[in-house]
Amino acid sequence: MSIPASSQKESFHNFTYLLPFLPVIFFFSNNITRFIEHVFTLEVLYLFIFYSLFSFFIFICSNKILKWGIPFSLFLSYLLSLVFLFFGLIQDYLFQLKISLLLSNTLFLLACFSSVILLLSIQLKNNKKKLKTINRFLTILFLALIVFESGVLCYKIIFGKTIAAITNKMTAPIQFNVRDSTKELPDIYYFIFDSYTNRPALKKYWSYDNDIYDFLNNKGFFTVDAATSNYKSTPYSISSVLNLQYLKGAAGYQHTNSSNFLTGLWLYRNNILYNFLKKNDYTFSNFSQLENEKLQTGFGFLGVEKPVTWLRKQTMERIYVDPWMWNKLNRIFGGNKSDEAITIKSMKIFDSYNKNALAHIQSNCNSYVKRYNNAPPLFCFTHFMLPHNPYLVDENGNYTGISNPDGENMNGYLGQVKYANQLIRQITNCLLSDTTRKKIIIFQGDHGYRHY
């Protein structure tokens, strides 16, 4: 039984009603292919629904309110969705070309896209036959692109290119000896001072002979004066330590961005040491930006961005989602320079984080100085964002009020190294004041000064 050609055309014509949604579907399928598990969040799902409704709204307004007809309304809603969704990616590409600043200018791009849409609308608005042909072609094109993205995603899943598969390959299982249950397990205090540079580097580049090593040696610590880190990115460096091994293939994820940071978190969350300690009935008391999303994203422009923010910055939403883009436009039109206020707000949150980290260890120190002998062993992890930039405090911990987050401020960095040393002395004296419990105390930098 054959289907008449006219019915086939009508059947395919119905597919063109998908046209306003196809750029949205392609945009999200492309980002799923790029970031895979990272974008599987409720916020991204809500964004998909919102963008789809936005495209449908344009179509309805054009067809029902403005009475421009179905073919033109489909084409216009498709075109506006396409420009809206890929505005940021096009602008970033022009930034990279560095041909002309004008070409990547936001206002110039908006004017160009508006002109193109206007010209195409004038040319095609009353040509229904041509519009139907164009709409069919665009429908086929984007359906093919979506199928291609789906194929790439299937390939990544089958051949172990997902985030979970990649991070699983970075570590290998470690066999532990069965412990002697009659021996007392020690409490473990692990301190990360983020971006703390080793002694030879401080002496060479800052002419500062770091006396904290002598202090710790005198307290019975073993120190490694010239230690280096294999990773300049915090989650990879800490994960390497907690997984008790070097990470295979982690070198390609050291570029500082939110996606790589979140990939490193997969290594941290299921690390070998934590699993071992849990099996041995350790209790945990952790304070680190790696521990929860609020701490990771709570530093404003200084912190990690949520996946939903990455996606929005690829679109025309970047004009107001990205504070620097918004402030640039604000200055062009004579508005207030609000970027300084945004900077100060982020830096105050940063300073508050370090105060909370100090309060965390002080609370643990005071609570566990005289822990009863049969208490379960404790693992306490405290992560200070010191002497990491921005350089907000001087060597005595006083807030400087300097509103410049520049990581290349060597004097500011040295001041925070000295303040970190004060905290190390304070923490050491507090923890060693109790001799009733066995303790392992570790002070470590996850990486050094990285602004050369």
# chains A, B, ... in the order shown; residues from 1 in each chain; ligands from 1

$ residues_around --residues "Gln175 (chain A)" --least-positions-apart "6" --cutoff "12 Å" --atoms "only C-alpha atoms" --output "VMD selection string"
chain A and resid 244 272 to 273 276

$ select_by_dssp --residues "region 147-392 of chain A" --states "strand (DSSP E)" --output "ChimeraX atom specification"
/A:187-193,283-287,378-384

$ closest_residue --among "A:Phe48, A:Tyr231, A:Phe59, A:Phe191" --to "Ile32 (chain A)" --atoms "only C-alpha atoms"
A:Phe48

$ residues_around --residues "Ala250 (chain A)" --least-positions-apart "3" --cutoff "10 Å" --atoms "only C-alpha atoms" --output "ChimeraX atom specification"
/A:166-167,169-170,230-231,233,236-237,240,246-247,253-254,260,263-264

$ residues_around --residues "region 216-227 of chain A" --least-positions-apart "6" --cutoff "10 Å" --atoms "only C-alpha atoms" --output "PyMOL selection string"
chain A and resi 197-201+210+424-425+428-429+432+440-445+447-448

$ write_last_selection --atoms "C-alpha atoms" --output "PDB file, in the first residue's frame"
ATOM      1  CA  THR A 197      54.697  28.130  48.260  1.00  0.00           C
ATOM      2  CA  ASN A 198      57.681  26.087  49.445  1.00  0.00           C
ATOM      3  CA  ARG A 199      60.667  27.465  51.352  1.00  0.00           C
ATOM      4  CA  PRO A 200      63.215  27.684  48.484  1.00  0.00           C
ATOM      5  CA  ALA A 201      60.742  29.569  46.262  1.00  0.00           C
ATOM      6  CA  ASN A 210      60.347  30.982  56.123  1.00  0.00           C
ATOM      7  CA  ILE A 424      49.783  27.320  61.910  1.00  0.00           C
ATOM      8  CA  ARG A 425      51.506  28.216  65.212  1.00  0.00           C
ATOM      9  CA  THR A 428      49.755  23.535  66.500  1.00  0.00           C
ATOM     10  CA  ASN A 429      49.959  24.800  70.080  1.00  0.00           C
ATOM     11  CA  LEU A 432      49.553  19.591  71.041  1.00  0.00           C
ATOM     12  CA  ILE A 440      48.537  12.881  63.129  1.00  0.00           C
ATOM     13  CA  ILE A 441      48.769  16.557  62.165  1.00  0.00           C
ATOM     14  CA  ILE A 442      49.464  17.531  58.567  1.00  0.00           C
ATOM     15  CA  PHE A 443      49.985  21.039  57.202  1.00  0.00           C
ATOM     16  CA  GLN A 444      50.217  21.252  53.443  1.00  0.00           C
ATOM     17  CA  GLY A 445      49.929  23.594  50.481  1.00  0.00           C
ATOM     18  CA  HIS A 447      50.032  24.210  45.074  1.00  0.00           C
ATOM     19  CA  GLY A 448      52.283  27.237  45.168  1.00  0.00           C
TER      20      GLY A 448
END

$ residues_around --residues "Pro71 (chain A)" --least-positions-apart "2" --cutoff "12 Å" --atoms "only C-alpha atoms" --output "ChimeraX atom specification"
/A:13-14,16-20,59,62-63,67-69,73-78,121,124-136

$ write_last_selection --atoms "N, CA, C and O atoms" --output "short mmCIF file (atom, residue, chain, number, x, y, z; two decimals), in the first residue's frame"
data_model
loop_
_atom_site.label_atom_id
_atom_site.label_comp_id
_atom_site.auth_asym_id
_atom_site.auth_seq_id
_atom_site.Cartn_x
_atom_site.Cartn_y
_atom_site.Cartn_z
N HIS A 13 5.58 18.27 6.48
CA HIS A 13 5.31 19.67 6.79
C HIS A 13 5.01 19.84 8.28
O HIS A 13 5.36 20.87 8.89
N ASN A 14 4.36 18.85 8.86
CA ASN A 14 4.05 18.93 10.30
C ASN A 14 5.32 18.98 11.15
O ASN A 14 5.32 19.55 12.24
N THR A 16 7.88 20.65 10.50
CA THR A 16 8.42 22.02 10.52
C THR A 16 7.89 22.81 11.71
O THR A 16 8.46 23.85 12.06
N TYR A 17 6.82 22.32 12.35
CA TYR A 17 6.33 23.00 13.56
C TYR A 17 7.33 22.86 14.71
O TYR A 17 7.23 23.56 15.70
N LEU A 18 8.28 21.93 14.56
CA LEU A 18 9.33 21.78 15.57
C LEU A 18 10.43 22.83 15.42
O LEU A 18 11.28 22.96 16.30
N LEU A 19 10.42 23.55 14.30
CA LEU A 19 11.53 24.44 13.97
C LEU A 19 11.91 25.42 15.09
O LEU A 19 13.11 25.59 15.36
N PRO A 20 10.98 26.08 15.76
CA PRO A 20 11.38 27.01 16.83
C PRO A 20 12.14 26.34 17.98
O PRO A 20 12.95 26.97 18.65
N PHE A 59 6.82 32.42 18.60
CA PHE A 59 6.00 31.89 17.51
C PHE A 59 4.53 32.30 17.67
O PHE A 59 3.88 32.75 16.71
N SER A 62 4.01 36.04 16.98
CA SER A 62 4.13 36.34 15.56
C SER A 62 2.91 35.85 14.77
O SER A 62 2.41 36.56 13.89
N ASN A 63 2.43 34.65 15.13
CA ASN A 63 1.35 34.06 14.35
C ASN A 63 -0.04 34.54 14.80
O ASN A 63 -0.86 34.93 13.96
N LYS A 67 -0.31 38.24 13.37
CA LYS A 67 -0.95 37.68 12.18
C LYS A 67 0.00 37.61 10.98
O LYS A 67 -0.37 37.94 9.84
N TRP A 68 1.23 37.13 11.22
CA TRP A 68 2.21 37.07 10.13
C TRP A 68 2.21 35.71 9.43
O TRP A 68 3.05 35.48 8.55
N GLY A 69 1.35 34.84 9.82
CA GLY A 69 1.24 33.55 9.15
C GLY A 69 2.18 32.51 9.74
O GLY A 69 3.23 32.85 10.32
N SER A 73 6.17 32.91 10.79
CA SER A 73 6.28 32.86 12.26
C SER A 73 7.25 31.76 12.70
O SER A 73 8.02 31.94 13.65
N LEU A 74 7.18 30.61 12.01
CA LEU A 74 8.13 29.53 12.31
C LEU A 74 9.56 29.97 12.02
O LEU A 74 10.47 29.75 12.83
N PHE A 75 9.76 30.60 10.89
CA PHE A 75 11.10 31.05 10.50
C PHE A 75 11.63 32.12 11.44
O PHE A 75 12.79 32.07 11.87
N LEU A 76 10.79 33.08 11.78
CA LEU A 76 11.22 34.19 12.65
C LEU A 76 11.57 33.69 14.06
O LEU A 76 12.59 34.09 14.64
N SER A 77 10.72 32.82 14.61
CA SER A 77 10.99 32.31 15.96
C SER A 77 12.27 31.47 15.97
O SER A 77 13.04 31.50 16.93
N TYR A 78 12.49 30.72 14.87
CA TYR A 78 13.74 29.96 14.73
C TYR A 78 14.94 30.89 14.71
O TYR A 78 15.94 30.67 15.41
N SER A 121 13.64 39.18 7.01
CA SER A 121 12.18 39.29 7.21
C SER A 121 11.53 40.04 6.06
O SER A 121 10.47 39.64 5.56
N LEU A 124 11.56 37.72 2.88
CA LEU A 124 10.83 36.46 2.87
C LEU A 124 9.41 36.53 3.41
O LEU A 124 8.65 35.57 3.25
N LYS A 125 9.05 37.62 4.04
CA LYS A 125 7.78 37.67 4.76
C LYS A 125 6.58 37.27 3.91
O LYS A 125 5.69 36.55 4.35
N ASN A 126 6.54 37.71 2.68
CA ASN A 126 5.37 37.47 1.83
C ASN A 126 5.59 36.37 0.80
O ASN A 126 4.76 36.17 -0.07
N ASN A 127 6.71 35.66 0.91
CA ASN A 127 6.99 34.58 -0.04
C ASN A 127 6.80 33.23 0.67
O ASN A 127 7.76 32.60 1.13
N LYS A 128 5.56 32.79 0.76
CA LYS A 128 5.24 31.59 1.53
C LYS A 128 5.89 30.34 0.96
O LYS A 128 6.34 29.47 1.70
N LYS A 129 5.92 30.24 -0.38
CA LYS A 129 6.48 29.05 -1.00
C LYS A 129 7.96 28.90 -0.66
O LYS A 129 8.44 27.82 -0.30
N LYS A 130 8.70 30.01 -0.76
CA LYS A 130 10.13 29.98 -0.44
C LYS A 130 10.36 29.72 1.04
O LYS A 130 11.28 29.00 1.43
N LEU A 131 9.49 30.30 1.86
CA LEU A 131 9.61 30.11 3.32
C LEU A 131 9.42 28.64 3.68
O LEU A 131 10.14 28.10 4.53
N LYS A 132 8.44 27.99 3.04
CA LYS A 132 8.20 26.57 3.34
C LYS A 132 9.42 25.72 2.97
O LYS A 132 9.79 24.81 3.69
N THR A 133 10.04 26.05 1.83
CA THR A 133 11.23 25.31 1.41
C THR A 133 12.38 25.52 2.39
O THR A 133 13.07 24.57 2.78
N ILE A 134 12.59 26.77 2.79
CA ILE A 134 13.65 27.09 3.76
C ILE A 134 13.38 26.40 5.10
O ILE A 134 14.29 25.84 5.72
N ASN A 135 12.14 26.45 5.53
CA ASN A 135 11.78 25.84 6.82
C ASN A 135 12.02 24.33 6.80
O ASN A 135 12.49 23.74 7.78
N ARG A 136 11.68 23.68 5.67
CA ARG A 136 11.92 22.24 5.57
C ARG A 136 13.42 21.93 5.60
O ARG A 136 13.85 21.00 6.27
#

$ closest_residue --among "A:Phe40, A:Phe28, A:Phe176, A:Tyr196" --to "Ser52 (chain A)" --atoms "only C-alpha atoms"
A:Phe28

$ select_by_dssp --residues "region 98-260 of chain A" --states "alpha helix (DSSP H)" --output "ChimeraX atom specification"
/A:106-124,128-158,163-170,199-206,212-218,234-242,258-260

$ atom_distance --atom1 "CA of Phe379 (chain A)" --atom2 "CA of Arg437 (chain A)"
13.0 Å

$ residues_around --residues "Glu293 (chain A)" --least-positions-apart "5" --cutoff "9 Å" --atoms "only C-alpha atoms" --output "list of chain:residue names"
A:Gly298, A:Val304, A:Lys306

$ write_last_selection --atoms "all heavy atoms" --output "short mmCIF file (atom, residue, chain, number, x, y, z; two decimals), in the first residue's frame"
data_model
loop_
_atom_site.label_atom_id
_atom_site.label_comp_id
_atom_site.auth_asym_id
_atom_site.auth_seq_id
_atom_site.Cartn_x
_atom_site.Cartn_y
_atom_site.Cartn_z
N GLY A 298 30.12 30.22 46.22
CA GLY A 298 29.80 31.36 47.07
C GLY A 298 30.76 32.53 46.99
O GLY A 298 30.56 33.54 47.67
N VAL A 304 33.68 29.18 41.69
CA VAL A 304 33.28 28.24 40.65
C VAL A 304 31.87 28.57 40.20
O VAL A 304 31.00 28.86 41.02
CB VAL A 304 33.34 26.79 41.20
CG1 VAL A 304 32.92 25.80 40.14
CG2 VAL A 304 34.74 26.48 41.71
N LYS A 306 28.19 27.63 38.44
CA LYS A 306 27.30 26.50 38.25
C LYS A 306 27.17 26.18 36.76
O LYS A 306 27.29 27.08 35.92
CB LYS A 306 25.92 26.82 38.82
CG LYS A 306 25.88 27.07 40.31
CD LYS A 306 24.48 27.39 40.74
CE LYS A 306 24.39 27.67 42.24
NZ LYS A 306 23.01 28.00 42.65
#

$ residues_around --residues "Tyr282 (chain A)" --least-positions-apart "3" --cutoff "7 Å" --atoms "only C-alpha atoms" --output "VMD selection string"
chain A and resid 277 to 278 376 to 379

$ closest_residue --among "A:Ile319, A:Asp281, A:Asn243, A:Ser259" --to "Ile174 (chain A)" --atoms "only C-alpha atoms"
A:Asn243

$ closest_residue --among "A:Asn421, A:Thr309, A:Thr435, A:Gln426" --to "Glu43 (chain A)" --atoms "only C-alpha atoms"
A:Thr309

$ atom_distance --atom1 "CA of Thr182 (chain A)" --atom2 "CA of Asn271 (chain A)"
26.3 Å

$ closest_residue --among "A:Ile36, A:Ile188, A:Leu80, A:Leu45" --to "Ile157 (chain A)" --atoms "only C-alpha atoms"
A:Ile36

$ atom_distance --atom1 "CA of Pro23 (chain A)" --atom2 "CA of Gln96 (chain A)"
23.8 Å

$ closest_residue --among "A:Leu311, A:Ala420, A:Leu42, A:Leu101" --to "Asn354 (chain A)" --atoms "only C-alpha atoms"
A:Ala420
